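Below: the structure, in structure tokens.
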Amino acid sequence: MHMEKSDILHNLAQAVIDMDMARARKAAAEAISCKIDPYEAITDGLARGMDKVNELFESEEYFVPEILLCADAMYAGIEVLRPHLPKETAWSKKKIVIGVVKGDTHDIGKNLVKIMLDNAGFEMHDLGRNVPYAKFVDTAGELNADLVCLSTLMTTTMDGMHVVIEDIKKAGIPCMTMVGGGPISPGFAKNIGADGYAKNAAEAVRVAKGMFQGIQIPRTIKTPEFVIARKNRGGIR
Amino acid sequence: MNCADEMTPKERMLSILHGKHVDRLLVSPLILNFASRSLNLTVRSFCTNGKNMGDANIACFKKYRHDIVYIFSTTSTLAEAMGTRMYFPEDDAPQVEDPFIRTREDLKKLKPVDPEKDGRLPVYLEAVKRCVDAIGNEVFIVPVIGAPFTTSAALRGTETFIKELYTDPELVHTVMKVATQSVKNLIGAYVKAGSVPVTVEPVATGSMISEKHFREFVLPYLKEVYAHIHSFSLPGVLHICGKTKRVIQCMAESGADILSIDNIDLLEAKAMVGDKVCLMGNVSPADGMLKGNPDVITNMVKDCVIKASDSPKGFVLATGCEVPIKTPHENMIAFLEAGRRFARLPINLN
């Protein structure tokens, strides 16, 4: 009856890779009943699976439907584990505000980036789609955000990114900015003064991690074991 | 600026289709909502009124003399006519607000369109008829139809719909069948109105779904659509924007005669499918038309001609996707002038 910890972690990861919500829930429940640290079940189980999904996306074996379903499985597992987690305030995560700029309601790309950054250990604040420029600036200020990510699929709305970046600078908010989306090129990103550009969700993770050199270190629990575990999956440089 | 042209756009197109001598390759920027600028209309007043939509396209053609006059506002127009609710920004293309199919129950209410009555299809038909009457002797009028997968995604909500490729393939096929019938009904109505409809399938782009899913859920229905278009003795045109390298082989198997492509190197496209289909593309709408200047655009046009003008089944110079609404007039002129210069036959790039 008693399962090996490594088997459970493997099952959590595999359930995510296989897009299987039911199996993710089941494995999460097993993790709880076997007294596995729920945070470890997430980082070394579900999130490890999602890391693999990210690789599969980059190597073009997985596409948008696969990522969305893998994320559904990951979040199904997290829902089971969440009540057993320590209070979130114990963690010092980098805060990211993300949204699709005003005038555009295409949000699949933004959702993929959100999923991947969430999995990479960032605290995500999703403003949704068709977001007024001022909302980005206000939220970044209120939350003391570390990074603002702007997305658009349309040529008609890409100039809105420029407005948001200018306004963030004018307001003196000390956060970074990253842009992406169908019509956005690295050249355009540079021209409007964005700190980062990502061509897809996988690259967004690399760029964001690069900005903060992977400082996703928990404030309270700093056991050597944990740090090694995070290192192994690329969480800490 | 038209000094180089010896034929009308229509004569040129007909000669190409019949394999006869022409003065130059077709030069066809994808002027869609941009046409509203020729009468200083907002996009909303352009795309919700057939007279406006028609007259703006007529004015636009008189101004630029481009080789194909497209009638279009959004890829979701057919889904809208089948029940999806749209949001109409004051001066931008309409976007999906509320998809029609919320639950499986809603599938029972789904039926193929009546183009004379449903949604804004009568607006499009009026625009087509006005254009055919006013300029149809000089240029082909080409209304753009959202193909079955794109229409189905707008009926169900794109995110939900593409997940259902795994979780509910039966629902996907059910919606696709009705959407395909709608596409065919609309093709019939457009042909009757004297126009040459083309289809766009951007939701099936290579950055969205896998080739496996394209073959299973998209290709069979596209084949049905192009067989229908061929039954009127008209050529099939398939436009997919975004990254198309991964699906271009499938596109070439769909029965479409011309592939309009966006984010792919034309040399690669030529090597992959140039022996099967005519290629069309692909000056960048954002970096070129909107943000570029006449020099940048001239070089982009030249680059396209260098790479693809010798493609075995032919080449149409175009933009990769819709010409942005805010494209400066001088950039459009630069595209057309460079096209008329470099695409003149025989090709001489000096």
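Simple scheme: letters A, B, ... for chains in structure tokens order, numbers from 1 for residues in each chain, numbers from 1 for ligands in the order shown.
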
Problem set entry | Check: which chain A residues lie within 12 Å of chain B using only C-alpha atoms, as a VMD selection string | chain A and resid 18 to 21 57 to 72 102 to 112 129 to 130 153 to 159 181 to 189 191 to 192 199 to 201

For the residues in the current selection, export N, CA and C atoms as a short mmCIF file (atom, residue, chain, number, x, y, z; two decimals), in the first residue's frame.
data_model
loop_
_atom_site.label_atom_id
_atom_site.label_comp_id
_atom_site.auth_asym_id
_atom_site.auth_seq_id
_atom_site.Cartn_x
_atom_site.Cartn_y
_atom_site.Cartn_z
N ASP A 18 0.95 13.71 -19.45
CA ASP A 18 -0.09 12.96 -20.16
C ASP A 18 -1.44 13.68 -20.22
N MET A 19 -1.49 14.94 -19.73
CA MET A 19 -2.72 15.75 -19.78
C MET A 19 -3.87 15.09 -19.02
N ASP A 20 -3.56 14.44 -17.91
CA ASP A 20 -4.57 13.63 -17.22
C ASP A 20 -4.93 14.24 -15.86
N MET A 21 -6.03 14.97 -15.82
CA MET A 21 -6.45 15.66 -14.59
C MET A 21 -6.75 14.66 -13.47
N PHE A 57 7.18 21.58 -25.92
CA PHE A 57 6.65 22.72 -26.67
C PHE A 57 7.77 23.33 -27.52
N GLU A 58 8.94 23.47 -26.91
CA GLU A 58 10.07 24.06 -27.64
C GLU A 58 10.54 23.17 -28.79
N SER A 59 10.48 21.86 -28.56
CA SER A 59 10.92 20.96 -29.63
C SER A 59 9.78 20.67 -30.60
N GLU A 60 8.66 21.39 -30.47
CA GLU A 60 7.51 21.30 -31.37
C GLU A 60 6.87 19.93 -31.41
N GLU A 61 6.91 19.25 -30.26
CA GLU A 61 6.12 18.02 -30.16
C GLU A 61 4.77 18.33 -29.53
N TYR A 62 4.75 19.33 -28.66
CA TYR A 62 3.50 19.79 -28.07
C TYR A 62 3.14 21.17 -28.63
N PHE A 63 1.83 21.41 -28.78
CA PHE A 63 1.33 22.68 -29.27
C PHE A 63 0.35 23.27 -28.26
N VAL A 64 -0.44 24.22 -28.69
CA VAL A 64 -1.28 24.93 -27.73
C VAL A 64 -2.30 24.03 -27.01
N PRO A 65 -3.00 23.15 -27.71
CA PRO A 65 -3.99 22.33 -26.99
C PRO A 65 -3.32 21.49 -25.90
N GLU A 66 -2.15 20.94 -26.22
CA GLU A 66 -1.44 20.08 -25.27
C GLU A 66 -1.06 20.89 -24.02
N ILE A 67 -0.52 22.09 -24.23
CA ILE A 67 -0.09 22.89 -23.08
C ILE A 67 -1.28 23.25 -22.19
N LEU A 68 -2.39 23.61 -22.83
CA LEU A 68 -3.57 23.98 -22.03
C LEU A 68 -4.05 22.80 -21.19
N LEU A 69 -4.04 21.60 -21.78
CA LEU A 69 -4.52 20.42 -21.05
C LEU A 69 -3.52 19.98 -19.98
N CYS A 70 -2.22 20.12 -20.26
CA CYS A 70 -1.21 19.81 -19.24
C CYS A 70 -1.36 20.76 -18.06
N ALA A 71 -1.62 22.02 -18.37
CA ALA A 71 -1.80 23.01 -17.30
C ALA A 71 -3.04 22.68 -16.48
N ASP A 72 -4.10 22.25 -17.15
CA ASP A 72 -5.31 21.84 -16.41
C ASP A 72 -4.97 20.73 -15.43
N LYS A 102 -5.22 46.96 -24.29
CA LYS A 102 -6.54 47.47 -24.70
C LYS A 102 -6.75 47.37 -26.22
N GLY A 103 -7.96 46.96 -26.57
CA GLY A 103 -8.30 46.87 -27.98
C GLY A 103 -8.15 45.46 -28.53
N ASP A 104 -7.57 44.57 -27.75
CA ASP A 104 -7.34 43.20 -28.24
C ASP A 104 -7.89 42.18 -27.25
N THR A 105 -8.64 41.23 -27.76
CA THR A 105 -9.23 40.22 -26.88
C THR A 105 -8.62 38.83 -27.10
N HIS A 106 -7.57 38.75 -27.93
CA HIS A 106 -6.92 37.46 -28.17
C HIS A 106 -5.99 37.15 -26.99
N ASP A 107 -6.30 36.12 -26.21
CA ASP A 107 -5.52 35.94 -24.99
C ASP A 107 -4.88 34.56 -24.83
N ILE A 108 -4.89 33.74 -25.87
CA ILE A 108 -4.30 32.41 -25.72
C ILE A 108 -2.79 32.50 -25.48
N GLY A 109 -2.12 33.34 -26.25
CA GLY A 109 -0.67 33.49 -26.08
C GLY A 109 -0.34 33.96 -24.67
N LYS A 110 -1.07 34.96 -24.21
CA LYS A 110 -0.86 35.48 -22.86
C LYS A 110 -1.09 34.37 -21.83
N ASN A 111 -2.12 33.57 -22.03
CA ASN A 111 -2.41 32.49 -21.07
C ASN A 111 -1.28 31.46 -21.01
N LEU A 112 -0.70 31.15 -22.17
CA LEU A 112 0.42 30.21 -22.19
C LEU A 112 1.60 30.76 -21.41
N ARG A 129 -7.74 40.31 -20.64
CA ARG A 129 -7.56 40.84 -22.00
C ARG A 129 -8.23 42.20 -22.11
N ASN A 130 -7.93 42.91 -23.23
CA ASN A 130 -8.52 44.23 -23.46
C ASN A 130 -8.33 45.12 -22.23
N LEU A 153 -1.91 40.43 -30.22
CA LEU A 153 -1.82 39.67 -31.48
C LEU A 153 -2.02 40.60 -32.67
N MET A 154 -2.47 41.82 -32.39
CA MET A 154 -2.91 42.66 -33.50
C MET A 154 -1.96 43.84 -33.74
N THR A 155 -1.85 44.21 -35.02
CA THR A 155 -1.00 45.36 -35.34
C THR A 155 -1.63 46.66 -34.85
N THR A 156 -2.95 46.67 -34.74
CA THR A 156 -3.64 47.90 -34.35
C THR A 156 -3.40 48.26 -32.89
N THR A 157 -3.04 47.27 -32.08
CA THR A 157 -2.94 47.53 -30.64
C THR A 157 -1.49 47.52 -30.14
N MET A 158 -0.54 47.24 -31.04
CA MET A 158 0.84 47.11 -30.55
C MET A 158 1.41 48.43 -30.01
N ASP A 159 0.93 49.55 -30.53
CA ASP A 159 1.43 50.83 -30.03
C ASP A 159 1.01 51.10 -28.58
N GLY A 181 3.98 38.62 -28.70
CA GLY A 181 2.73 38.48 -29.45
C GLY A 181 3.01 38.47 -30.94
N GLY A 182 2.03 37.99 -31.71
CA GLY A 182 2.16 37.79 -33.16
C GLY A 182 3.00 38.83 -33.90
N PRO A 183 2.59 40.11 -33.89
CA PRO A 183 3.29 41.09 -34.73
C PRO A 183 4.54 41.69 -34.10
N ILE A 184 4.85 41.30 -32.86
CA ILE A 184 5.94 41.96 -32.13
C ILE A 184 7.28 41.34 -32.52
N SER A 185 8.23 42.20 -32.87
CA SER A 185 9.58 41.74 -33.21
C SER A 185 10.55 42.26 -32.15
N PRO A 186 11.75 41.65 -32.05
CA PRO A 186 12.73 42.16 -31.09
C PRO A 186 13.04 43.64 -31.35
N GLY A 187 13.07 44.02 -32.61
CA GLY A 187 13.35 45.41 -32.96
C GLY A 187 12.30 46.35 -32.41
N PHE A 188 11.03 45.96 -32.58
CA PHE A 188 9.95 46.79 -32.05
C PHE A 188 10.04 46.89 -30.54
N ALA A 189 10.33 45.76 -29.89
CA ALA A 189 10.44 45.75 -28.43
C ALA A 189 11.51 46.73 -27.97
N ASN A 191 12.67 49.33 -29.69
CA ASN A 191 12.26 50.70 -30.01
C ASN A 191 11.33 51.31 -28.98
N ILE A 192 10.47 50.50 -28.39
CA ILE A 192 9.52 51.07 -27.43
C ILE A 192 10.07 51.02 -26.01
N LYS A 199 9.60 35.38 -27.88
CA LYS A 199 8.83 34.96 -29.05
C LYS A 199 7.78 33.92 -28.70
N ASN A 200 7.94 33.24 -27.57
CA ASN A 200 6.90 32.30 -27.14
C ASN A 200 7.00 32.08 -25.63
N ALA A 201 6.14 31.20 -25.12
CA ALA A 201 6.03 31.03 -23.67
C ALA A 201 7.32 30.47 -23.06
#

For this session: Select from range 120-213 of chain B everything DSSP, run on the backbone, classes as strand (DSSP E or B), then give the selection as number ranges by chain.
Result: B: 140-146, 198-200

Create the file for the chosen residues now, containing N, CA and C atoms and written as a PDB file, in the first residue's frame.
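Output below, filename selection-v2.pdb:
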ATOM      1  N   PHE B 140     -11.140  41.529 -60.088  1.00  0.00           N
ATOM      2  CA  PHE B 140     -11.959  40.522 -59.421  1.00  0.00           C
ATOM      3  C   PHE B 140     -12.272  40.961 -57.987  1.00  0.00           C
ATOM      4  N   ILE B 141     -13.511  40.780 -57.594  1.00  0.00           N
ATOM      5  CA  ILE B 141     -13.947  41.101 -56.236  1.00  0.00           C
ATOM      6  C   ILE B 141     -13.895  39.802 -55.430  1.00  0.00           C
ATOM      7  N   VAL B 142     -13.160  39.835 -54.345  1.00  0.00           N
ATOM      8  CA  VAL B 142     -12.815  38.605 -53.637  1.00  0.00           C
ATOM      9  C   VAL B 142     -13.202  38.686 -52.145  1.00  0.00           C
ATOM     10  N   PRO B 143     -14.395  38.219 -51.802  1.00  0.00           N
ATOM     11  CA  PRO B 143     -14.759  38.200 -50.381  1.00  0.00           C
ATOM     12  C   PRO B 143     -14.018  37.080 -49.650  1.00  0.00           C
ATOM     13  N   VAL B 144     -13.662  37.342 -48.404  1.00  0.00           N
ATOM     14  CA  VAL B 144     -12.837  36.423 -47.628  1.00  0.00           C
ATOM     15  C   VAL B 144     -13.700  35.723 -46.572  1.00  0.00           C
ATOM     16  N   ILE B 145     -13.644  34.397 -46.576  1.00  0.00           N
ATOM     17  CA  ILE B 145     -14.491  33.600 -45.683  1.00  0.00           C
ATOM     18  C   ILE B 145     -13.630  32.873 -44.648  1.00  0.00           C
ATOM     19  N   GLY B 146     -14.019  32.931 -43.395  1.00  0.00           N
ATOM     20  CA  GLY B 146     -13.368  32.129 -42.357  1.00  0.00           C
ATOM     21  C   GLY B 146     -13.642  30.658 -42.642  1.00  0.00           C
ATOM     22  N   VAL B 198     -12.535  33.519 -51.333  1.00  0.00           N
ATOM     23  CA  VAL B 198     -11.355  32.791 -50.858  1.00  0.00           C
ATOM     24  C   VAL B 198     -11.547  32.479 -49.364  1.00  0.00           C
ATOM     25  N   THR B 199     -10.720  31.577 -48.855  1.00  0.00           N
ATOM     26  CA  THR B 199     -10.905  31.148 -47.470  1.00  0.00           C
ATOM     27  C   THR B 199      -9.630  31.329 -46.649  1.00  0.00           C
ATOM     28  N   VAL B 200      -9.833  31.625 -45.378  1.00  0.00           N
ATOM     29  CA  VAL B 200      -8.704  31.815 -44.458  1.00  0.00           C
ATOM     30  C   VAL B 200      -8.883  30.907 -43.247  1.00  0.00           C
TER      31      VAL B 200
END

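Interatomic distance, CA of Arg37 in chain B against CA of Gly54 in chain B: 12.7 Å.
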
For this session: Could you give me, as a ChimeraX atom specification, the residues within 10 Å of Leu25 in chain B, counting only C-alpha atoms and dropping anything in the same chain fewer than 5 positions from it?
Result: /B:12-13,16,67,305,309,314-317,339-340,342-347

Problem set entry | Exercise: Arg48 in chain A partners within 9 Å, only C-alpha atoms, chain neighbours under 4 positions left out, as a ChimeraX atom specification | /A:9-10,12-13,16,42-44,52-53,119,233

Keeping only C-alpha atoms, write those residues as a PDB file, in the first residue's frame.
ATOM      1  CA  LEU A   9       6.560  12.368  -7.616  1.00  0.00           C
ATOM      2  CA  HIS A  10       7.038  10.578 -10.923  1.00  0.00           C
ATOM      3  CA  LEU A  12       2.551  13.600 -10.539  1.00  0.00           C
ATOM      4  CA  ALA A  13       4.949  14.649 -13.293  1.00  0.00           C
ATOM      5  CA  VAL A  16       0.844  16.479 -16.186  1.00  0.00           C
ATOM      6  CA  ILE A  42       4.442  20.596  -6.546  1.00  0.00           C
ATOM      7  CA  THR A  43       8.036  21.517  -7.347  1.00  0.00           C
ATOM      8  CA  ASP A  44       9.433  18.049  -7.865  1.00  0.00           C
ATOM      9  CA  LYS A  52       9.069  18.649 -19.516  1.00  0.00           C
ATOM     10  CA  VAL A  53       5.960  20.022 -21.250  1.00  0.00           C
ATOM     11  CA  ASN A 119       5.240  27.125 -13.142  1.00  0.00           C
ATOM     12  CA  ARG A 233      15.198  21.683 -11.899  1.00  0.00           C
TER      13      ARG A 233
END

Problem set entry | For Met272 in chain B: contacts at 10 Å, only C-alpha atoms, fewer than 6 positions along chain excluded, given as a list in words | Lys245, Ile248, Gln249, Ala252 and Leu266 of chain B
